[in-house]
Amino acid sequence: MREAAGPAAGITVVADPAALAREAAERFAEAAGEALARAGRLTVALAGGTTPKLLYALLATEPHHRHLPWRETHVFWGDERCVPPDHPESNYRMAHEALLRHLPIPSEQIHRMRGEDPDPERAAAEYAERLRTAFPGPRALPRFDLVLLGMGADGHTASLFPHTQAVREQQRWVMCNRVPKLQADRLTLTAPVINWGSTILFLVAGDDKAAALQEVLEGPADPERLPAQLIRPTAGRLVWLVDRAAASRLAGRGRPPS
């Protein structure tokens, strides 16, 4: 179910997480078709989390398994925990188990962040170099065809957490971001790189996200506290796909269709 965008353009409200996954799969297919026509390949930055996992599981089934251009797809990540790739908390592991192991994507086109590196600063620099190799040419930033994002109940996205150094970064492409409340380091793309994407797709589900979503979309600008507000495409399009529970506090949204 699609609703008019209203004052915050680019918002689609659906019934539940399953409907969100179906809508996201359609958007994925649209972006893939556009990218293949434009450049002969699809470059996508994946997100971690429960909501994207539902999308990945759906994409691994028919008709998406057969009809999407997987052999022309290059896979990247928006962020990663500093853990080995087989760790239960690894974003790579989640995507691999739900999606990638089921698809004919050449292994050299799967570009994971090395969360296991004991020096996460080095891992961030190496990933930035990998992006430069994968996106050659004179552009100042890599341009993903599709960037998938989630949002936490604190308003973070990727590993851009409130009041952390990465929120203010304007030069580096990839950062090791220290997150004091988690007592952990995270590898993350920075906002300038995310914002250069052709299509940026937020996936948000659950009533625990409702308060943050309302603040991000309808509240005053405060990206230091609500990093998801940093995501404003430079030249592409931004789409918020949210379920009814997450949208319950938005003005005129979260209601069943009449």
# chains A, B, ... in the order shown; residues from 1 in each chain; ligands from 1
>>> residues_around(residues="Val167 of chain A", least_positions_apart="2", cutoff="10 Å", atoms="only C-alpha atoms", output="list in words")
His156, Ser159, Leu160, Phe161, Pro162, His163, Thr164, Gln165, Glu169, Gln170, Asn177, Thr190, Ala191, Pro223, Glu224, Arg225, Leu226, Pro227, Ala228 and Leu230 of chain A
>>> write_last_selection(atoms="C-alpha atoms", output="PDB file, in the first residue's frame")
ATOM      1  CA  HIS A 156      21.583   6.119  14.058  1.00  0.00           C
ATOM      2  CA  SER A 159      27.386   3.016  12.123  1.00  0.00           C
ATOM      3  CA  LEU A 160      26.869   6.769  12.314  1.00  0.00           C
ATOM      4  CA  PHE A 161      25.914   6.894  15.988  1.00  0.00           C
ATOM      5  CA  PRO A 162      24.791   9.984  17.916  1.00  0.00           C
ATOM      6  CA  HIS A 163      27.575  12.250  19.161  1.00  0.00           C
ATOM      7  CA  THR A 164      30.390  10.230  17.570  1.00  0.00           C
ATOM      8  CA  GLN A 165      33.226  11.385  15.375  1.00  0.00           C
ATOM      9  CA  GLU A 169      33.298  13.540   9.061  1.00  0.00           C
ATOM     10  CA  GLN A 170      33.341  15.241   5.651  1.00  0.00           C
ATOM     11  CA  ASN A 177      34.033   4.964  14.495  1.00  0.00           C
ATOM     12  CA  THR A 190      30.544   8.213   5.960  1.00  0.00           C
ATOM     13  CA  ALA A 191      27.569  10.419   5.181  1.00  0.00           C
ATOM     14  CA  PRO A 223      21.978  15.406  13.103  1.00  0.00           C
ATOM     15  CA  GLU A 224      24.492  15.233  15.932  1.00  0.00           C
ATOM     16  CA  ARG A 225      21.761  13.592  18.015  1.00  0.00           C
ATOM     17  CA  LEU A 226      19.852  12.014  15.097  1.00  0.00           C
ATOM     18  CA  PRO A 227      22.436  10.953  12.498  1.00  0.00           C
ATOM     19  CA  ALA A 228      19.803   9.611  10.109  1.00  0.00           C
ATOM     20  CA  LEU A 230      22.483  13.452   7.683  1.00  0.00           C
TER      21      LEU A 230
END
>>> select_by_dssp(residues="segment 73-196 of chain A", states="strand (DSSP E)", output="VMD selection string")
chain A and resid 73 to 77 79 to 81 146 to 149 174 to 179 184 to 189
>>> select_by_dssp(residues="segment 61-214 of chain A", states="alpha helix (DSSP H)", output="PyMOL selection string")
chain A and resi 64-67+91-98+120-134+191-195+210-214
>>> write_last_selection(atoms="N, CA and C atoms", output="short mmCIF file (atom, residue, chain, number, x, y, z; two decimals), in the first residue's frame")
data_model
loop_
_atom_site.label_atom_id
_atom_site.label_comp_id
_atom_site.auth_asym_id
_atom_site.auth_seq_id
_atom_site.Cartn_x
_atom_site.Cartn_y
_atom_site.Cartn_z
N HIS A 64 12.97 -13.45 -7.85
CA HIS A 64 14.13 -12.54 -7.79
C HIS A 64 15.44 -13.28 -8.05
N HIS A 65 15.54 -14.51 -7.56
CA HIS A 65 16.76 -15.28 -7.76
C HIS A 65 17.07 -15.42 -9.24
N ARG A 66 16.04 -15.63 -10.03
CA ARG A 66 16.24 -15.90 -11.46
C ARG A 66 16.32 -14.64 -12.31
N HIS A 67 15.59 -13.61 -11.93
CA HIS A 67 15.42 -12.47 -12.83
C HIS A 67 16.34 -11.29 -12.56
N ASN A 91 27.75 -8.41 10.12
CA ASN A 91 26.81 -8.06 9.05
C ASN A 91 27.08 -8.87 7.80
N TYR A 92 28.35 -9.15 7.54
CA TYR A 92 28.69 -10.00 6.39
C TYR A 92 28.07 -11.38 6.55
N ARG A 93 28.22 -11.97 7.73
CA ARG A 93 27.68 -13.32 7.93
C ARG A 93 26.16 -13.34 7.71
N MET A 94 25.46 -12.36 8.24
CA MET A 94 24.02 -12.32 8.07
C MET A 94 23.64 -12.27 6.60
N ALA A 95 24.29 -11.37 5.85
CA ALA A 95 23.98 -11.24 4.43
C ALA A 95 24.38 -12.49 3.65
N HIS A 96 25.49 -13.08 4.02
CA HIS A 96 25.94 -14.30 3.35
C HIS A 96 24.94 -15.43 3.55
N GLU A 97 24.51 -15.62 4.80
CA GLU A 97 23.62 -16.74 5.08
C GLU A 97 22.23 -16.53 4.50
N ALA A 98 21.73 -15.29 4.55
CA ALA A 98 20.37 -15.02 4.08
C ALA A 98 20.29 -14.87 2.56
N PRO A 120 41.44 -1.62 13.35
CA PRO A 120 40.28 -1.19 12.56
C PRO A 120 40.52 0.07 11.75
N GLU A 121 41.46 0.92 12.17
CA GLU A 121 41.81 2.08 11.36
C GLU A 121 42.39 1.62 10.02
N ARG A 122 43.23 0.60 10.07
CA ARG A 122 43.80 0.05 8.84
C ARG A 122 42.70 -0.58 7.99
N ALA A 123 41.77 -1.28 8.62
CA ALA A 123 40.67 -1.89 7.87
C ALA A 123 39.83 -0.83 7.16
N ALA A 124 39.60 0.30 7.82
CA ALA A 124 38.84 1.39 7.19
C ALA A 124 39.59 1.95 5.99
N ALA A 125 40.90 2.16 6.15
CA ALA A 125 41.70 2.69 5.05
C ALA A 125 41.75 1.71 3.88
N GLU A 126 41.84 0.42 4.17
CA GLU A 126 41.86 -0.59 3.11
C GLU A 126 40.53 -0.63 2.37
N TYR A 127 39.44 -0.44 3.08
CA TYR A 127 38.14 -0.47 2.40
C TYR A 127 37.96 0.76 1.53
N ALA A 128 38.46 1.89 2.00
CA ALA A 128 38.41 3.09 1.17
C ALA A 128 39.21 2.88 -0.12
N GLU A 129 40.33 2.21 -0.01
CA GLU A 129 41.14 1.93 -1.20
C GLU A 129 40.42 0.95 -2.13
N ARG A 130 39.72 0.00 -1.54
CA ARG A 130 38.94 -0.93 -2.35
C ARG A 130 37.86 -0.19 -3.13
N LEU A 131 37.24 0.79 -2.49
CA LEU A 131 36.23 1.59 -3.19
C LEU A 131 36.85 2.37 -4.34
N ARG A 132 38.03 2.89 -4.14
CA ARG A 132 38.69 3.64 -5.22
C ARG A 132 38.97 2.73 -6.42
N THR A 133 39.32 1.48 -6.15
CA THR A 133 39.57 0.53 -7.22
C THR A 133 38.27 0.14 -7.93
N ALA A 134 37.20 -0.04 -7.15
CA ALA A 134 35.92 -0.48 -7.71
C ALA A 134 35.18 0.62 -8.44
N ALA A 191 28.76 9.82 5.78
CA ALA A 191 27.57 10.42 5.18
C ALA A 191 27.82 10.94 3.77
N PRO A 192 28.94 11.61 3.47
CA PRO A 192 29.13 12.07 2.09
C PRO A 192 29.10 10.94 1.06
N VAL A 193 29.64 9.78 1.40
CA VAL A 193 29.62 8.65 0.47
C VAL A 193 28.20 8.12 0.31
N ILE A 194 27.50 7.94 1.43
CA ILE A 194 26.12 7.46 1.36
C ILE A 194 25.27 8.42 0.53
N ASN A 195 25.44 9.70 0.76
CA ASN A 195 24.62 10.71 0.08
C ASN A 195 24.87 10.79 -1.41
N ALA A 210 9.32 4.19 16.27
CA ALA A 210 8.33 5.24 15.94
C ALA A 210 8.76 6.61 16.43
N ALA A 211 9.23 6.71 17.68
CA ALA A 211 9.59 8.02 18.22
C ALA A 211 10.76 8.62 17.46
N ALA A 212 11.79 7.80 17.20
CA ALA A 212 12.95 8.31 16.47
C ALA A 212 12.59 8.69 15.05
N LEU A 213 11.75 7.89 14.39
CA LEU A 213 11.37 8.20 13.02
C LEU A 213 10.62 9.53 12.96
N GLN A 214 9.73 9.76 13.90
CA GLN A 214 9.02 11.04 13.92
C GLN A 214 9.99 12.20 14.09
#
>>> closest_atom_pairs(of="segment 76-195 of chain A", to="segment 28-41 of chain A", cutoff="12 Å", atoms="only C-alpha atoms", output="Markdown table")
| residue | atom | partner | partner_atom | distance |
| --- | --- | --- | --- | --- |
| A:Ile105 | CA | A:Arg41 | CA | 11.7 |
| A:Gln109 | CA | A:Arg41 | CA | 10.7 |
| A:Ala134 | CA | A:Arg41 | CA | 11.6 |
| A:Phe135 | CA | A:Ala39 | CA | 11.7 |
| A:Arg143 | CA | A:Ala35 | CA | 11.2 |
| A:Phe144 | CA | A:Ala35 | CA | 9.5 |
| A:Asp145 | CA | A:Ala35 | CA | 6.2 |
| A:Leu146 | CA | A:Ala31 | CA | 6.6 |
| A:Val147 | CA | A:Phe28 | CA | 9.8 |
| A:Leu148 | CA | A:Phe28 | CA | 9.3 |
>>> closest_atom_pairs(of="segment 9-46 of chain A", to="segment 76-80 of chain A", cutoff="8 Å", atoms="only C-alpha atoms", output="Markdown table")
| residue | atom | partner | partner_atom | distance |
| --- | --- | --- | --- | --- |
| A:Thr43 | CA | A:Phe76 | CA | 7.5 |
| A:Val44 | CA | A:Phe76 | CA | 6.0 |
| A:Ala45 | CA | A:Phe76 | CA | 4.5 |
| A:Leu46 | CA | A:Trp77 | CA | 4.7 |
>>> closest_residue(among="A:Ala205, A:Ser107, A:Val216, A:Arg81", to="Gln183 of chain A", atoms="only C-alpha atoms")
A:Arg81
>>> residues_around(residues="Ala24 of chain A", least_positions_apart="2", cutoff="9 Å", atoms="only C-alpha atoms", output="count of residues only")
13
